[in-house]
Structures are given as C-alpha cells and as structure tokens.
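Presented below is the structure to which this report refers.
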Amino acid sequence: MSTWLAAGVPAATVAQWAGQSVSVLLEVYASFLDGGEEAAKRKIENVLGNPPR
C-alpha cells in the first residue's frame with residue numbers, strides 16, 4: 001500500500017483496494033503522504049499556469 005500511496009494513487013482508492021477505511025489507512029500510512037501538498041500545488045500550477053495561493 002505504501003508503494004501505491006507514494007506513486008500518487010488517491011488514498012480512497014488505496015483504502016478500497018486494501019479493504020480498509022480511509023481513516024485507518026491514513027493513520028497507518030500518513031508518512032507516505034508527506035509532500036503531498038506541494039505535489040498538489042505543482043499539479044494545479046501546471047493546469048492553471050500560475051501557483052495557487
């Protein structure tokens with residue numbers, strides 16, 4: 001599961017595949033989501049052409 005999260009698969013999808021709740025998945029694997037906010041901002045910037053506030 002950590003590989004899926006690190007690859008950017010949404011937590012809800014990973015939880016469904018693993019047969020877990022999202023809350024349990026995030027509690028156990030939250031460390032693999034570090035940097036997720038910056039990655040999300042980069043994706044938004046690529047689509048919009050400017051950084052989010």
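FYI, nothing fancy with the structure tokens labels: chains A, B, ... in order, residues from 1 per chain, ligands from 1 as they appear.
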
Query raised in the report: Just asking: which residues within chain A are alpha helix (DSSP H) according to DSSP, as number ranges by chain?
Result: A: 2-6, 11-18, 22-29, 36-48

Save out the residues we just selected, N, CA and C atoms, as an mmCIF file, in the first residue's frame.
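So result22.cif came out as:
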data_model
loop_
_atom_site.group_PDB
_atom_site.id
_atom_site.type_symbol
_atom_site.label_atom_id
_atom_site.label_comp_id
_atom_site.auth_asym_id
_atom_site.auth_seq_id
_atom_site.Cartn_x
_atom_site.Cartn_y
_atom_site.Cartn_z
ATOM 1 N N SER A 2 1.967 1.211 0.689
ATOM 2 C CA SER A 2 2.830 2.388 0.721
ATOM 3 C C SER A 2 3.332 2.741 -0.672
ATOM 4 N N THR A 3 3.575 1.735 -1.491
ATOM 5 C CA THR A 3 4.034 1.976 -2.860
ATOM 6 C C THR A 3 2.948 2.682 -3.655
ATOM 7 N N TRP A 4 1.724 2.266 -3.491
ATOM 8 C CA TRP A 4 0.613 2.895 -4.198
ATOM 9 C C TRP A 4 0.474 4.356 -3.788
ATOM 10 N N LEU A 5 0.553 4.618 -2.480
ATOM 11 C CA LEU A 5 0.440 5.993 -1.989
ATOM 12 C C LEU A 5 1.597 6.845 -2.499
ATOM 13 N N ALA A 6 2.796 6.300 -2.432
ATOM 14 C CA ALA A 6 3.971 7.041 -2.896
ATOM 15 C C ALA A 6 3.883 7.327 -4.389
ATOM 16 N N ALA A 11 -5.747 8.172 -1.731
ATOM 17 C CA ALA A 11 -5.905 7.376 -0.515
ATOM 18 C C ALA A 11 -7.218 6.592 -0.501
ATOM 19 N N ALA A 12 -8.284 7.187 -1.003
ATOM 20 C CA ALA A 12 -9.579 6.497 -1.024
ATOM 21 C C ALA A 12 -9.522 5.251 -1.902
ATOM 22 N N THR A 13 -8.807 5.335 -3.002
ATOM 23 C CA THR A 13 -8.670 4.186 -3.900
ATOM 24 C C THR A 13 -7.840 3.096 -3.249
ATOM 25 N N VAL A 14 -6.725 3.482 -2.632
ATOM 26 C CA VAL A 14 -5.867 2.506 -1.952
ATOM 27 C C VAL A 14 -6.644 1.822 -0.832
ATOM 28 N N ALA A 15 -7.398 2.589 -0.066
ATOM 29 C CA ALA A 15 -8.192 2.008 1.023
ATOM 30 C C ALA A 15 -9.195 1.001 0.486
ATOM 31 N N GLN A 16 -9.845 1.338 -0.605
ATOM 32 C CA GLN A 16 -10.824 0.421 -1.203
ATOM 33 C C GLN A 16 -10.140 -0.859 -1.667
ATOM 34 N N TRP A 17 -9.015 -0.736 -2.361
ATOM 35 C CA TRP A 17 -8.281 -1.909 -2.838
ATOM 36 C C TRP A 17 -7.826 -2.789 -1.680
ATOM 37 N N ALA A 18 -7.463 -2.144 -0.557
ATOM 38 C CA ALA A 18 -6.936 -2.877 0.594
ATOM 39 C C ALA A 18 -8.028 -3.375 1.529
ATOM 40 N N VAL A 22 -10.632 4.649 4.938
ATOM 41 C CA VAL A 22 -9.664 5.703 4.633
ATOM 42 C C VAL A 22 -9.003 6.186 5.918
ATOM 43 N N SER A 23 -9.761 6.299 6.998
ATOM 44 C CA SER A 23 -9.184 6.800 8.254
ATOM 45 C C SER A 23 -8.099 5.873 8.785
ATOM 46 N N VAL A 24 -8.313 4.560 8.716
ATOM 47 C CA VAL A 24 -7.286 3.610 9.158
ATOM 48 C C VAL A 24 -6.072 3.690 8.243
ATOM 49 N N LEU A 25 -6.309 3.729 6.961
ATOM 50 C CA LEU A 25 -5.210 3.816 6.006
ATOM 51 C C LEU A 25 -4.360 5.059 6.263
ATOM 52 N N LEU A 26 -4.999 6.207 6.442
ATOM 53 C CA LEU A 26 -4.257 7.443 6.662
ATOM 54 C C LEU A 26 -3.527 7.448 7.993
ATOM 55 N N GLU A 27 -4.126 6.845 9.001
ATOM 56 C CA GLU A 27 -3.466 6.779 10.312
ATOM 57 C C GLU A 27 -2.189 5.958 10.235
ATOM 58 N N VAL A 28 -2.225 4.855 9.501
ATOM 59 C CA VAL A 28 -1.082 3.949 9.417
ATOM 60 C C VAL A 28 -0.042 4.435 8.413
ATOM 61 N N TYR A 29 -0.499 4.979 7.303
ATOM 62 C CA TYR A 29 0.412 5.300 6.203
ATOM 63 C C TYR A 29 0.579 6.797 5.952
ATOM 64 N N GLY A 36 2.685 15.748 -0.090
ATOM 65 C CA GLY A 36 1.512 15.699 -0.952
ATOM 66 C C GLY A 36 0.951 17.061 -1.285
ATOM 67 N N GLU A 37 1.033 17.981 -0.340
ATOM 68 C CA GLU A 37 0.513 19.321 -0.586
ATOM 69 C C GLU A 37 1.325 20.017 -1.672
ATOM 70 N N GLU A 38 2.630 19.888 -1.607
ATOM 71 C CA GLU A 38 3.471 20.515 -2.631
ATOM 72 C C GLU A 38 3.231 19.891 -4.002
ATOM 73 N N ALA A 39 3.071 18.590 -4.038
ATOM 74 C CA ALA A 39 2.795 17.922 -5.314
ATOM 75 C C ALA A 39 1.456 18.384 -5.879
ATOM 76 N N ALA A 40 0.462 18.547 -5.011
ATOM 77 C CA ALA A 40 -0.851 19.012 -5.460
ATOM 78 C C ALA A 40 -0.757 20.434 -6.011
ATOM 79 N N LYS A 41 0.014 21.290 -5.328
ATOM 80 C CA LYS A 41 0.186 22.660 -5.809
ATOM 81 C C LYS A 41 0.858 22.689 -7.181
ATOM 82 N N ARG A 42 1.837 21.814 -7.378
ATOM 83 C CA ARG A 42 2.511 21.756 -8.690
ATOM 84 C C ARG A 42 1.537 21.325 -9.774
ATOM 85 N N LYS A 43 0.672 20.371 -9.471
ATOM 86 C CA LYS A 43 -0.317 19.917 -10.454
ATOM 87 C C LYS A 43 -1.267 21.056 -10.826
ATOM 88 N N ILE A 44 -1.707 21.806 -9.813
ATOM 89 C CA ILE A 44 -2.604 22.931 -10.068
ATOM 90 C C ILE A 44 -1.904 23.985 -10.910
ATOM 91 N N GLU A 45 -0.659 24.265 -10.563
ATOM 92 C CA GLU A 45 0.104 25.255 -11.309
ATOM 93 C C GLU A 45 0.264 24.834 -12.763
ATOM 94 N N ASN A 46 0.509 23.545 -13.008
ATOM 95 C CA ASN A 46 0.650 23.056 -14.382
ATOM 96 C C ASN A 46 -0.629 23.235 -15.176
ATOM 97 N N VAL A 47 -1.772 23.038 -14.534
ATOM 98 C CA VAL A 47 -3.040 23.164 -15.234
ATOM 99 C C VAL A 47 -3.421 24.625 -15.447
ATOM 100 N N LEU A 48 -3.244 25.431 -14.398
ATOM 101 C CA LEU A 48 -3.687 26.824 -14.452
ATOM 102 C C LEU A 48 -2.627 27.774 -14.990
#
